[in-house]
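Pasting target21.cif here (mmCIF, C-alpha atoms and all ligand atoms):
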```cif
data_structure
loop_
_atom_site.label_atom_id
_atom_site.label_comp_id
_atom_site.auth_asym_id
_atom_site.auth_seq_id
_atom_site.Cartn_x
_atom_site.Cartn_y
_atom_site.Cartn_z
CA MET A 1 -1.89 20.95 17.29
CA LEU A 2 -4.16 20.39 14.31
CA GLU A 3 -5.68 23.75 13.77
CA LEU A 4 -7.95 23.39 10.74
CA ALA A 5 -11.20 21.45 10.58
CA PRO A 6 -11.56 19.23 7.42
CA ALA A 7 -14.17 21.53 5.83
CA GLN A 8 -11.92 24.58 6.28
CA ALA A 9 -8.95 22.75 4.80
CA LYS A 10 -11.02 21.71 1.77
CA ALA A 11 -12.16 25.27 1.23
CA ARG A 12 -8.49 26.37 1.17
CA ARG A 13 -7.47 23.54 -1.22
CA ILE A 14 -4.87 22.16 1.14
CA PRO A 15 -3.33 18.93 -0.28
CA ALA A 16 -4.48 15.67 1.24
CA LEU A 17 -2.57 14.43 4.28
CA GLY A 18 -2.33 10.74 5.12
CA LEU A 19 -1.43 9.10 8.41
CA TYR A 20 0.14 5.64 8.32
CA VAL A 21 0.56 3.56 11.48
CA HIS A 22 2.86 0.53 11.39
CA VAL A 23 1.70 -2.06 13.92
CA PRO A 24 4.68 -4.42 14.08
CA PHE A 25 3.11 -7.54 15.58
CA CYS A 26 2.54 -10.89 13.85
CA ALA A 27 1.68 -14.28 15.28
CA ALA A 28 4.45 -15.81 13.13
CA ALA A 29 6.64 -14.72 10.24
CA CYS A 30 5.40 -15.61 6.75
CA ASP A 31 8.06 -17.06 4.44
CA TYR A 32 8.02 -14.18 1.92
CA CYS A 33 7.71 -11.22 4.27
CA ALA A 34 10.41 -8.62 4.76
CA PHE A 35 8.34 -6.12 6.77
CA TYR A 36 9.48 -5.32 10.28
CA GLN A 37 7.43 -7.50 12.62
CA ILE A 38 7.84 -9.16 16.01
CA THR A 39 5.87 -11.56 18.19
CA PRO A 40 3.45 -9.65 20.42
CA THR A 41 3.71 -9.68 24.20
CA ALA A 42 1.50 -7.73 26.62
CA ALA A 43 4.47 -5.54 27.62
CA GLY A 44 5.53 -5.01 24.00
CA VAL A 45 2.05 -3.91 22.95
CA ALA A 46 1.78 -1.52 25.91
CA ARG A 47 5.16 0.04 25.06
CA PHE A 48 4.17 0.32 21.40
CA LEU A 49 0.91 2.10 22.26
CA ALA A 50 2.74 4.55 24.52
CA GLY A 51 5.29 5.15 21.75
CA ILE A 52 2.60 5.91 19.16
CA ALA A 53 0.97 8.41 21.53
CA ARG A 54 4.36 10.10 22.03
CA GLU A 55 5.26 10.08 18.33
CA ALA A 56 1.87 11.53 17.37
CA GLU A 57 2.61 14.45 19.70
CA LEU A 58 6.00 15.02 18.08
CA ALA A 59 4.74 14.68 14.49
CA THR A 60 2.71 17.84 14.28
CA ALA A 61 1.17 18.70 10.94
CA ASN A 62 -1.03 21.71 11.66
CA ARG A 63 -3.64 20.45 9.27
CA PRO A 64 -6.30 17.76 9.35
CA VAL A 65 -5.67 14.18 8.32
CA ASP A 66 -7.63 13.01 5.32
CA THR A 67 -6.90 9.27 5.34
CA VAL A 68 -5.57 6.82 7.90
CA PHE A 69 -4.01 3.45 7.12
CA TRP A 70 -2.96 0.88 9.71
CA GLY A 71 -0.60 -1.68 8.21
CA GLY A 72 2.05 -3.94 9.55
CA GLY A 73 2.56 -6.43 10.81
CA THR A 74 -0.96 -7.42 11.68
CA PRO A 75 -2.90 -4.50 13.21
CA GLY A 76 -5.91 -6.76 13.59
CA LEU A 77 -3.93 -8.89 16.04
CA LEU A 78 -4.28 -6.28 18.80
CA ALA A 79 -6.90 -7.01 21.46
CA PRO A 80 -10.12 -4.94 21.19
CA ARG A 81 -9.03 -2.79 24.12
CA ALA A 82 -5.67 -2.04 22.47
CA LEU A 83 -7.41 -1.30 19.14
CA ARG A 84 -9.63 1.21 20.94
CA ALA A 85 -6.68 2.84 22.72
CA LEU A 86 -4.68 3.11 19.50
CA GLY A 87 -7.67 4.35 17.50
CA GLU A 88 -8.81 6.96 19.98
CA GLY A 89 -5.26 8.24 20.35
CA VAL A 90 -4.72 8.43 16.59
CA ARG A 91 -8.10 10.01 15.94
CA GLY A 92 -7.32 12.68 18.53
CA HIS A 93 -4.50 13.85 16.23
CA CYS A 94 -6.53 13.84 13.02
CA GLY A 95 -8.42 17.14 13.46
CA GLY A 96 -11.74 15.34 12.97
CA GLN A 97 -12.88 11.98 11.65
CA PRO A 98 -10.74 10.97 8.64
CA ARG A 99 -12.74 10.39 5.47
CA GLU A 100 -11.12 6.99 4.94
CA TRP A 101 -9.61 4.69 7.57
CA THR A 102 -8.17 1.36 6.53
CA VAL A 103 -7.07 -1.48 8.80
CA GLU A 104 -5.24 -4.58 7.58
CA MET A 105 -6.39 -7.82 9.13
CA ALA A 106 -5.20 -11.42 8.88
CA PRO A 107 -8.09 -13.90 8.50
CA ALA A 108 -7.09 -15.84 11.62
CA SER A 109 -7.34 -12.76 13.85
CA VAL A 110 -10.81 -11.60 12.81
CA THR A 111 -13.28 -11.75 15.69
CA PRO A 112 -16.66 -10.01 16.19
CA GLU A 113 -15.19 -8.13 19.19
CA ARG A 114 -12.27 -6.71 17.21
CA LEU A 115 -14.56 -5.77 14.31
CA ALA A 116 -16.99 -4.05 16.69
CA ALA A 117 -14.12 -2.03 18.19
CA LEU A 118 -12.98 -0.94 14.72
CA ARG A 119 -16.50 -0.03 13.60
CA ALA A 120 -17.04 2.04 16.74
CA LEU A 121 -13.86 3.98 15.96
CA GLY A 122 -15.14 4.84 12.48
CA VAL A 123 -12.87 2.54 10.45
CA THR A 124 -14.20 2.51 6.88
CA ARG A 125 -12.10 -0.17 5.13
CA VAL A 126 -10.90 -3.58 6.15
CA SER A 127 -8.19 -5.18 4.05
CA LEU A 128 -8.06 -8.93 4.48
CA GLY A 129 -4.78 -10.73 3.72
CA VAL A 130 -6.21 -13.78 1.97
CA GLN A 131 -3.28 -14.42 -0.45
CA SER A 132 -4.74 -17.69 -1.82
CA PHE A 133 -7.66 -20.05 -1.48
CA GLN A 134 -5.43 -23.09 -2.11
CA PRO A 135 -4.16 -24.80 1.08
CA ALA A 136 -0.96 -25.94 -0.65
CA LEU A 137 -0.16 -22.41 -1.80
CA LEU A 138 -0.88 -20.94 1.63
CA ALA A 139 1.58 -23.49 2.99
CA ALA A 140 4.14 -22.54 0.30
CA LEU A 141 3.89 -18.93 1.48
CA GLY A 142 4.17 -19.92 5.13
CA ARG A 143 0.74 -18.41 5.89
CA ARG A 144 -0.83 -19.92 8.97
CA HIS A 145 -4.54 -19.43 8.18
CA THR A 146 -6.88 -21.93 6.57
CA VAL A 147 -9.31 -21.42 3.69
CA ARG A 148 -12.15 -21.99 6.15
CA GLN A 149 -10.86 -19.14 8.30
CA VAL A 150 -10.79 -16.88 5.23
CA ARG A 151 -14.47 -17.59 4.50
CA GLN A 152 -15.49 -17.10 8.12
CA ALA A 153 -13.45 -13.90 8.42
CA TYR A 154 -14.91 -12.46 5.23
CA ALA A 155 -18.47 -13.22 6.36
CA ALA A 156 -17.81 -11.58 9.74
CA VAL A 157 -16.25 -8.46 8.17
CA ARG A 158 -19.22 -8.15 5.82
CA ALA A 159 -21.70 -8.64 8.63
CA ALA A 160 -19.98 -5.87 10.62
CA GLY A 161 -20.95 -3.40 7.88
CA PHE A 162 -17.69 -1.69 6.82
CA ALA A 163 -18.07 0.63 3.84
CA SER A 164 -15.31 -1.12 1.86
CA VAL A 165 -13.74 -4.53 2.05
CA ASN A 166 -10.53 -5.43 0.23
CA LEU A 167 -9.02 -8.84 -0.39
CA ASP A 168 -5.27 -9.24 -1.02
CA LEU A 169 -4.17 -12.06 -3.33
CA ILE A 170 -0.68 -13.17 -4.37
CA PHE A 171 0.30 -14.83 -7.65
CA ALA A 172 3.35 -16.44 -9.24
CA ILE A 173 3.87 -18.56 -6.12
CA PRO A 174 6.33 -21.46 -6.63
CA GLY A 175 4.26 -24.52 -7.43
CA GLN A 176 1.26 -22.50 -8.62
CA GLU A 177 -0.32 -23.28 -12.00
CA LEU A 178 -2.34 -20.81 -14.03
CA ALA A 179 -5.47 -22.89 -13.38
CA ALA A 180 -4.99 -22.41 -9.61
CA TRP A 181 -4.66 -18.65 -10.11
CA ARG A 182 -7.90 -18.65 -12.13
CA ALA A 183 -9.58 -20.56 -9.32
CA ASP A 184 -8.33 -18.02 -6.76
CA LEU A 185 -9.62 -15.11 -8.83
CA ASP A 186 -12.99 -16.79 -9.34
CA GLU A 187 -13.33 -17.56 -5.65
CA ALA A 188 -12.46 -13.97 -4.74
CA VAL A 189 -15.01 -12.61 -7.21
CA ARG A 190 -17.68 -14.97 -5.82
CA LEU A 191 -17.25 -13.33 -2.41
CA GLU A 192 -18.04 -9.92 -3.98
CA PRO A 193 -15.50 -7.71 -2.20
CA ASP A 194 -15.48 -4.01 -3.09
CA HIS A 195 -11.78 -3.98 -3.85
CA LEU A 196 -9.08 -6.47 -4.82
CA SER A 197 -5.31 -6.17 -4.68
CA THR A 198 -3.32 -8.75 -6.65
CA TYR A 199 0.43 -8.83 -6.04
CA CYS A 200 3.14 -10.68 -7.89
CA LEU A 201 5.22 -12.57 -5.34
CA THR A 202 8.58 -10.92 -4.75
CA PHE A 203 11.61 -12.67 -3.32
CA GLU A 204 12.92 -10.31 -0.66
CA GLU A 205 16.33 -10.82 0.87
CA ASP A 206 16.38 -12.13 4.44
CA THR A 207 13.21 -14.16 4.00
CA ALA A 208 12.76 -17.93 4.15
CA LEU A 209 11.53 -17.89 0.55
CA PHE A 210 14.63 -16.07 -0.65
CA ALA A 211 16.79 -18.67 1.09
CA ARG A 212 14.91 -21.41 -0.78
CA LEU A 213 15.44 -19.52 -4.05
CA ALA A 214 19.14 -19.07 -3.35
CA ALA A 215 19.46 -22.79 -2.54
CA GLY A 216 17.75 -23.70 -5.82
CA ARG A 217 14.81 -25.33 -4.06
CA VAL A 218 12.30 -23.02 -5.77
CA ARG A 219 12.62 -20.96 -8.91
CA ARG A 220 11.13 -17.76 -10.21
CA ASP A 221 9.39 -17.97 -13.59
CA VAL A 222 9.49 -14.38 -14.86
CA ALA A 223 8.05 -15.29 -18.27
CA ALA A 224 4.97 -16.84 -16.64
CA GLU A 225 4.28 -13.70 -14.60
CA ILE A 226 2.87 -11.90 -17.66
CA ALA A 227 0.24 -14.62 -18.03
CA TYR A 228 -0.76 -14.25 -14.37
CA TYR A 229 -1.08 -10.48 -14.73
CA THR A 230 -3.20 -10.64 -17.87
CA GLU A 231 -5.39 -13.39 -16.43
CA ALA A 232 -6.19 -11.18 -13.41
CA TRP A 233 -6.78 -8.06 -15.48
CA GLU A 234 -9.16 -9.83 -17.88
CA ARG A 235 -11.08 -11.83 -15.29
CA LEU A 236 -11.48 -8.99 -12.78
CA GLY A 237 -12.41 -6.52 -15.52
CA ALA A 238 -15.08 -8.90 -16.79
CA ALA A 239 -16.42 -9.21 -13.23
CA GLY A 240 -16.92 -5.44 -12.91
CA TYR A 241 -13.72 -4.51 -11.08
CA ALA A 242 -12.07 -1.53 -12.75
CA GLN A 243 -8.30 -1.65 -12.66
CA TYR A 244 -6.97 1.66 -11.37
CA GLU A 245 -3.38 0.66 -10.69
CA VAL A 246 -1.16 -2.21 -11.82
CA SER A 247 -2.11 -4.26 -8.74
CA ASN A 248 -5.43 -2.70 -7.68
CA PHE A 249 -9.05 -3.10 -8.75
CA ALA A 250 -12.20 -1.53 -7.38
CA ARG A 251 -15.88 -1.24 -7.86
CA PRO A 252 -17.04 2.37 -8.35
CA GLY A 253 -16.38 4.51 -5.28
CA HIS A 254 -14.08 2.00 -3.57
CA ARG A 255 -10.57 3.01 -4.62
CA CYS A 256 -8.15 3.30 -1.71
CA ALA A 257 -7.79 7.07 -1.37
CA HIS A 258 -4.83 6.74 1.00
CA ASN A 259 -2.79 4.79 -1.55
CA VAL A 260 -3.87 7.05 -4.42
CA ASN A 261 -2.61 10.06 -2.43
CA THR A 262 0.77 8.43 -1.86
CA TRP A 263 1.09 7.50 -5.57
CA ARG A 264 0.23 11.11 -6.43
CA MET A 265 3.11 12.20 -4.18
CA GLN A 266 0.99 13.99 -1.61
CA GLU A 267 2.12 14.08 2.01
CA TRP A 268 1.81 11.48 4.73
CA ILE A 269 3.17 10.95 8.21
CA GLY A 270 4.21 7.46 9.29
CA LEU A 271 4.08 6.46 12.95
CA GLY A 272 5.63 3.33 14.45
CA PRO A 273 8.87 1.41 13.94
CA SER A 274 9.90 1.21 10.24
CA ALA A 275 7.09 3.57 9.10
CA ALA A 276 7.99 5.91 6.24
CA SER A 277 6.96 9.57 6.07
CA GLN A 278 6.86 12.14 3.30
CA PHE A 279 6.22 15.48 4.85
CA GLY A 280 7.46 19.06 5.05
CA GLY A 281 9.96 18.69 2.20
CA TRP A 282 11.56 15.48 3.50
CA ARG A 283 11.17 11.74 3.08
CA SER A 284 12.41 9.46 5.86
CA ARG A 285 11.83 6.17 7.62
CA ASN A 286 11.61 5.30 11.30
CA VAL A 287 14.14 2.85 12.66
CA PRO A 288 12.83 -0.73 12.18
CA ASP A 289 13.28 -1.77 15.79
CA LEU A 290 10.79 -1.29 18.62
CA ASP A 291 13.41 -0.61 21.33
CA ARG A 292 15.45 1.84 19.27
CA TRP A 293 12.31 3.60 18.06
CA LEU A 294 11.17 4.01 21.68
CA ALA A 295 14.63 5.19 22.77
CA GLU A 296 14.56 7.96 20.15
CA LEU A 297 11.08 9.02 21.26
CA ALA A 298 12.20 9.03 24.91
CA ALA A 299 14.93 11.46 23.83
CA GLY A 300 12.22 13.69 22.40
CA ARG A 301 12.82 13.03 18.68
CA ARG A 302 11.54 10.89 15.84
CA SER A 303 14.01 8.41 14.35
CA GLY A 304 14.12 9.69 10.77
CA LEU A 305 16.54 7.42 8.91
CA GLU A 306 17.46 7.64 5.22
CA ARG A 307 16.39 11.28 5.23
CA VAL A 308 16.07 12.53 1.67
CA GLU A 309 15.21 16.05 0.64
CA LEU A 310 12.17 16.19 -1.64
CA THR A 311 13.54 18.15 -4.57
CA PRO A 312 11.20 19.06 -7.46
CA ARG A 313 13.08 16.57 -9.63
CA LEU A 314 12.67 13.68 -7.17
CA LEU A 315 8.97 14.43 -6.70
CA ALA A 316 8.45 14.77 -10.45
CA GLU A 317 10.28 11.47 -11.03
CA ASP A 318 8.20 9.60 -8.46
CA SER A 319 4.96 11.26 -9.62
CA LEU A 320 5.69 9.90 -13.09
CA ILE A 321 6.77 6.42 -11.99
CA PHE A 322 3.86 5.86 -9.60
CA GLY A 323 1.37 7.90 -11.64
CA LEU A 324 1.99 5.85 -14.76
CA ARG A 325 1.28 2.67 -12.79
CA MET A 326 -2.24 4.06 -12.43
CA ASN A 327 -4.72 3.61 -15.28
CA ASP A 328 -5.59 7.31 -15.20
CA GLY A 329 -1.96 8.09 -15.98
CA VAL A 330 -0.42 11.50 -15.38
CA ASP A 331 -1.34 15.05 -16.27
CA LEU A 332 2.01 16.32 -17.61
CA PRO A 333 1.18 20.06 -17.73
CA ALA A 334 -0.17 19.91 -14.17
CA LEU A 335 2.99 18.15 -12.98
CA ARG A 336 5.11 20.67 -14.83
CA GLU A 337 3.33 23.46 -13.02
CA ARG A 338 3.70 21.68 -9.68
CA PHE A 339 7.41 20.86 -10.11
CA PRO A 340 8.80 23.46 -12.51
CA GLY A 341 12.42 22.61 -11.63
CA ALA A 342 12.36 19.12 -13.20
CA PRO A 343 13.84 18.36 -16.66
CA TRP A 344 10.54 18.37 -18.54
CA GLU A 345 12.05 18.42 -22.07
CA ARG A 346 13.61 15.02 -21.40
CA VAL A 347 10.32 13.76 -19.98
CA GLU A 348 8.43 14.95 -23.08
CA SER A 349 10.93 13.25 -25.33
CA LEU A 350 10.64 9.98 -23.34
CA ALA A 351 6.84 10.28 -23.46
CA GLY A 352 7.06 10.58 -27.26
CA ARG A 353 9.22 7.43 -27.44
CA LEU A 354 6.84 5.47 -25.21
CA VAL A 355 3.90 6.46 -27.43
CA GLU A 356 5.82 5.48 -30.59
CA GLU A 357 6.64 2.09 -29.05
CA GLY A 358 2.99 1.50 -28.21
CA LEU A 359 3.69 1.47 -24.47
CA ALA A 360 1.84 4.73 -23.74
CA GLU A 361 -0.90 6.85 -25.21
CA ARG A 362 -2.07 10.44 -24.98
CA ALA A 363 -5.47 9.89 -23.43
CA ALA A 364 -6.47 13.51 -23.63
CA GLU A 365 -4.33 16.45 -24.68
CA SER A 366 -2.88 16.91 -21.24
CA SER A 367 -2.55 13.33 -20.12
CA LEU A 368 -0.21 10.41 -20.64
CA ARG A 369 -1.06 6.89 -19.62
CA LEU A 370 0.36 3.45 -20.23
CA THR A 371 -1.34 1.06 -22.63
CA LEU A 372 -2.07 -2.46 -21.47
CA ARG A 373 1.28 -3.53 -22.95
CA GLY A 374 2.97 -0.64 -21.15
CA ARG A 375 1.43 -1.58 -17.80
CA LEU A 376 2.86 -5.08 -18.18
CA VAL A 377 6.35 -3.53 -18.32
CA ALA A 378 5.65 -0.69 -15.85
CA ASP A 379 8.86 -1.44 -13.91
CA ALA A 380 10.96 -1.09 -17.08
CA VAL A 381 9.15 2.17 -17.92
CA GLY A 382 9.95 3.37 -14.40
CA ALA A 383 13.64 2.58 -14.98
CA GLN A 384 13.56 4.66 -18.19
CA ILE A 385 12.04 7.58 -16.29
CA MET A 386 14.84 7.38 -13.71
CA GLU A 387 17.41 7.29 -16.51
CA ALA A 388 15.89 10.35 -18.20
CA MET A 389 15.98 12.25 -14.92
CA ALA A 390 19.55 11.16 -14.16
CA GLU A 391 20.77 12.17 -17.65
CA SER A 392 19.94 15.73 -16.78
CA ASN A 393 22.55 15.90 -14.01
S1 LIG A 401 2.99 -11.09 5.48
FE1 LIG A 401 1.75 -9.93 6.96
S2 LIG A 401 1.14 -11.49 8.49
FE2 LIG A 401 2.85 -12.37 7.34
S3 LIG A 401 4.68 -11.85 8.55
FE3 LIG A 401 4.42 -10.23 7.00
S4 LIG A 401 3.27 -8.65 8.00
FE4 LIG A 401 3.02 -10.50 9.25
#
```
Please lay out the structure from this file as structure tokens.
Ligand code: SF4
Amino acid sequence: MLELAPAQAKARRIPALGLYVHVPFCAAACDYCAFYQITPTAAGVARFLAGIAREAELATANRPVDTVFWGGGTPGLLAPRALRALGEGVRGHCGGQPREWTVEMAPASVTPERLAALRALGVTRVSLGVQSFQPALLAALGRRHTVRQVRQAYAAVRAAGFASVNLDLIFAIPGQELAAWRADLDEAVRLEPDHLSTYCLTFEEDTALFARLAAGRVRRDVAAEIAYYTEAWERLGAAGYAQYEVSNFARPGHRCAHNVNTWRMQEWIGLGPSAASQFGGWRSRNVPDLDRWLAELAAGRRSGLERVELTPRLLAEDSLIFGLRMNDGVDLPALRERFPGAPWERVESLAGRLVEEGLAERAAESSLRLTLRGRLVADAVGAQIMEAMAESN
């Protein structure tokens, strides 16, 4: 199925291929979460594992997988035996050991046995969903773990010897003060992870938090969000974490290659209910329902919903939107060469306007990147890119 070994693929300059696996099990739903997740049962996990094995057979790529990412849900909730079964099955479809393999874990599910199973598989990165070190804020998010569990989990992950450890934090939580955010950042830095992801809380429809917002029981303070962003960028920068994307910071050599490849609009295959794929000229998403996903697989097909053709213009648009969220910015001539069919005159004119407004700069002759002020309004810049592309219809 996968015919090229990684070294051969590299020699032929084949673009990176990612493999994402959505593990849809969580012990309980967090108040802000809109991801597809269900409570695990022994039968449900067994059916899920069989489904992944079947979907991996159907999703042939004919080239080796560069990076693997298990998200969810809570992949780390699976029992060690299930982790091994999933990992060995997935690895069998990678055409060799992937160079990066990330697994998301919730602090409460970290055990030495699970970590040993992941290490034995060759997992290189563990991403720990800390979110906050303040008990009241964890409660506000509906997270079930304690701060003590976070410290114990981090120590265990470190002791297990993974090449990279990431901590996820959330800010702009209702009831949070800037001082509490500073304390969270300082505590995270004290632990010395290799990578930090800091996300602004979003209020997704169909979540408990959104219901509280709609009922007026909590409110969103958009103006304050800027202060939270800048606080993180300054503090983490001073602590030696280089920002490489609006929400992501790493010590040298610890960027998440899987995410960088998706932001650079490379290809990836998503396995599992609700997983998205971008492959072979199409973007699509699996049905977010375990039973329906399995039914499609039993009929011998993958459940590609919202199937969108990857036109040069769409890929150029997304390369600009996601690329400009990265501190390295974008290489406009290279993108032009890659997607010649996109409306590049309009893009050049928008780039000129962004530079004039102080939101972007020409870092080198070929490159455009957002300034600090531009990164703070990256979503608005993204909207302008979409407008420029739409104008060309
Ligand atoms: S935030 Fe993570 S742990 Fe919480 S419900 Fe969502 S996927 Fe599960």
(message) Would you pick out the contacts of stretch 299-308 of chain A at 6 Å or less, using all atoms listed in the file, so that residues sharing its chain but fewer than 2 positions from it are not included, and give the list as a PyMOL selection string?
(response) chain A and resi 282-287+296-297
So that all listed atoms of stretch 173-191 of chain A fit with 5 Å spare on each side, what axis-aligned box centre and edge lengths in Å, to one decimal, would you give as lines of an AutoDock Vina configuration file?
```
center_x = -5.7
center_y = -18.6
center_z = -8.2
size_x = 34.0
size_y = 21.9
size_z = 21.6
```
(message) Between atom CA of A:Pro333 and atom CA of A:Ser367, what distance in Å does the model show, to one decimal?
(response)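 Spanning atom CA of A:Pro333 to atom CA of A:Ser367 is a straight-line distance of 8.1 Å.
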(request) State, in Å with one decimal place, the distance from atom CA of A:Pro75 to atom CA of A:Thr41. (result)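 A separation of 13.8 Å between them.
With only C-alpha atoms as the atoms that count, the minimum distance from A:Arg353 to the choices A:Pro112, A:Gly96, A:Gly122, A:Gly374 is reached by A:Gly374.
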For chain A against ligand LIG 401 (chain A), with a cut-off of 6 Å and counting all atoms listed in the file, what is the closest atom pair and its distance in Å to one decimal for every residue that makes the cut, ordered by chain and number, as a Markdown table?
```
| residue | atom | partner | partner_atom | distance |
| --- | --- | --- | --- | --- |
| A:Cys26 | CA | A:LIG401 | FE4 | 4.6 |
| A:Ala29 | CA | A:LIG401 | S3 | 3.9 |
| A:Cys30 | CA | A:LIG401 | FE2 | 4.2 |
| A:Cys33 | CA | A:LIG401 | FE3 | 4.4 |
| A:Phe35 | CA | A:LIG401 | FE3 | 5.7 |
| A:Gly72 | CA | A:LIG401 | S4 | 5.1 |
| A:Gly73 | CA | A:LIG401 | S4 | 3.7 |
| A:Thr74 | CA | A:LIG401 | S2 | 5.6 |
```
(request) Have a look at atom CA of A:Val147 and atom CA of A:Val222 and let me know their distance in Å, one decimal. (result)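 These atoms are spaced 27.3 Å apart.
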File output, stretch 255-318 of chain A (C-alpha atoms) as an mmCIF file, in the first residue's frame:
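The new file result08.cif reads:
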```
data_model
loop_
_atom_site.group_PDB
_atom_site.id
_atom_site.type_symbol
_atom_site.label_atom_id
_atom_site.label_comp_id
_atom_site.auth_asym_id
_atom_site.auth_seq_id
_atom_site.Cartn_x
_atom_site.Cartn_y
_atom_site.Cartn_z
ATOM 1 C CA ARG A 255 7.974 23.102 16.735
ATOM 2 C CA CYS A 256 5.082 20.783 15.937
ATOM 3 C CA ALA A 257 5.926 19.666 12.400
ATOM 4 C CA HIS A 258 2.485 18.118 11.897
ATOM 5 C CA ASN A 259 0.709 21.420 12.544
ATOM 6 C CA VAL A 260 3.247 23.399 10.504
ATOM 7 C CA ASN A 261 2.564 21.088 7.542
ATOM 8 C CA THR A 262 -1.179 21.632 7.818
ATOM 9 C CA TRP A 263 -0.738 25.436 8.044
ATOM 10 C CA ARG A 264 1.483 25.251 4.955
ATOM 11 C CA MET A 265 -1.367 23.468 3.159
ATOM 12 C CA GLN A 266 0.407 20.162 2.689
ATOM 13 C CA GLU A 267 -1.593 16.945 2.666
ATOM 14 C CA TRP A 268 -2.956 14.899 5.529
ATOM 15 C CA ILE A 269 -5.333 11.995 5.967
ATOM 16 C CA GLY A 270 -7.736 11.999 8.904
ATOM 17 C CA LEU A 271 -8.987 8.722 10.367
ATOM 18 C CA GLY A 272 -11.854 8.347 12.837
ATOM 19 C CA PRO A 273 -15.270 9.959 13.280
ATOM 20 C CA SER A 274 -15.215 13.736 12.567
ATOM 21 C CA ALA A 275 -11.581 13.678 11.335
ATOM 22 C CA ALA A 276 -10.804 16.047 8.455
ATOM 23 C CA SER A 277 -8.598 15.151 5.483
ATOM 24 C CA GLN A 278 -6.870 17.170 2.801
ATOM 25 C CA PHE A 279 -5.611 14.792 0.203
ATOM 26 C CA GLY A 280 -5.593 14.047 -3.516
ATOM 27 C CA GLY A 281 -7.156 17.361 -4.518
ATOM 28 C CA TRP A 282 -10.033 17.212 -2.020
ATOM 29 C CA ARG A 283 -10.818 18.380 1.489
ATOM 30 C CA SER A 284 -13.480 16.526 3.472
ATOM 31 C CA ARG A 285 -14.554 15.489 6.937
ATOM 32 C CA ASN A 286 -15.683 12.148 8.322
ATOM 33 C CA VAL A 287 -19.165 11.959 9.775
ATOM 34 C CA PRO A 288 -19.049 12.961 13.489
ATOM 35 C CA ASP A 289 -20.819 9.865 14.751
ATOM 36 C CA LEU A 290 -19.211 6.542 15.652
ATOM 37 C CA ASP A 291 -22.105 4.363 14.404
ATOM 38 C CA ARG A 292 -22.541 6.191 11.101
ATOM 39 C CA TRP A 293 -18.788 6.274 10.523
ATOM 40 C CA LEU A 294 -18.648 2.494 11.080
ATOM 41 C CA ALA A 295 -21.665 1.919 8.829
ATOM 42 C CA GLU A 296 -19.939 3.757 5.970
ATOM 43 C CA LEU A 297 -16.767 1.724 6.479
ATOM 44 C CA ALA A 298 -18.799 -1.505 6.540
ATOM 45 C CA ALA A 299 -20.143 -0.467 3.128
ATOM 46 C CA GLY A 300 -16.553 -0.192 1.926
ATOM 47 C CA ARG A 301 -16.264 3.616 1.794
ATOM 48 C CA ARG A 302 -15.036 6.535 3.855
ATOM 49 C CA SER A 303 -17.667 9.050 4.977
ATOM 50 C CA GLY A 304 -16.320 12.176 3.278
ATOM 51 C CA LEU A 305 -18.739 14.978 4.168
ATOM 52 C CA GLU A 306 -18.445 18.627 3.116
ATOM 53 C CA ARG A 307 -16.278 17.554 0.201
ATOM 54 C CA VAL A 308 -14.561 20.582 -1.302
ATOM 55 C CA GLU A 309 -12.324 20.568 -4.333
ATOM 56 C CA LEU A 310 -8.900 22.059 -3.608
ATOM 57 C CA THR A 311 -8.652 24.675 -6.319
ATOM 58 C CA PRO A 312 -5.432 26.715 -6.647
ATOM 59 C CA ARG A 313 -7.341 29.745 -5.384
ATOM 60 C CA LEU A 314 -8.630 27.985 -2.258
ATOM 61 C CA LEU A 315 -5.190 26.588 -1.462
ATOM 62 C CA ALA A 316 -3.551 29.962 -2.082
ATOM 63 C CA GLU A 317 -6.136 31.663 0.155
ATOM 64 C CA ASP A 318 -5.619 29.205 3.005
#
```
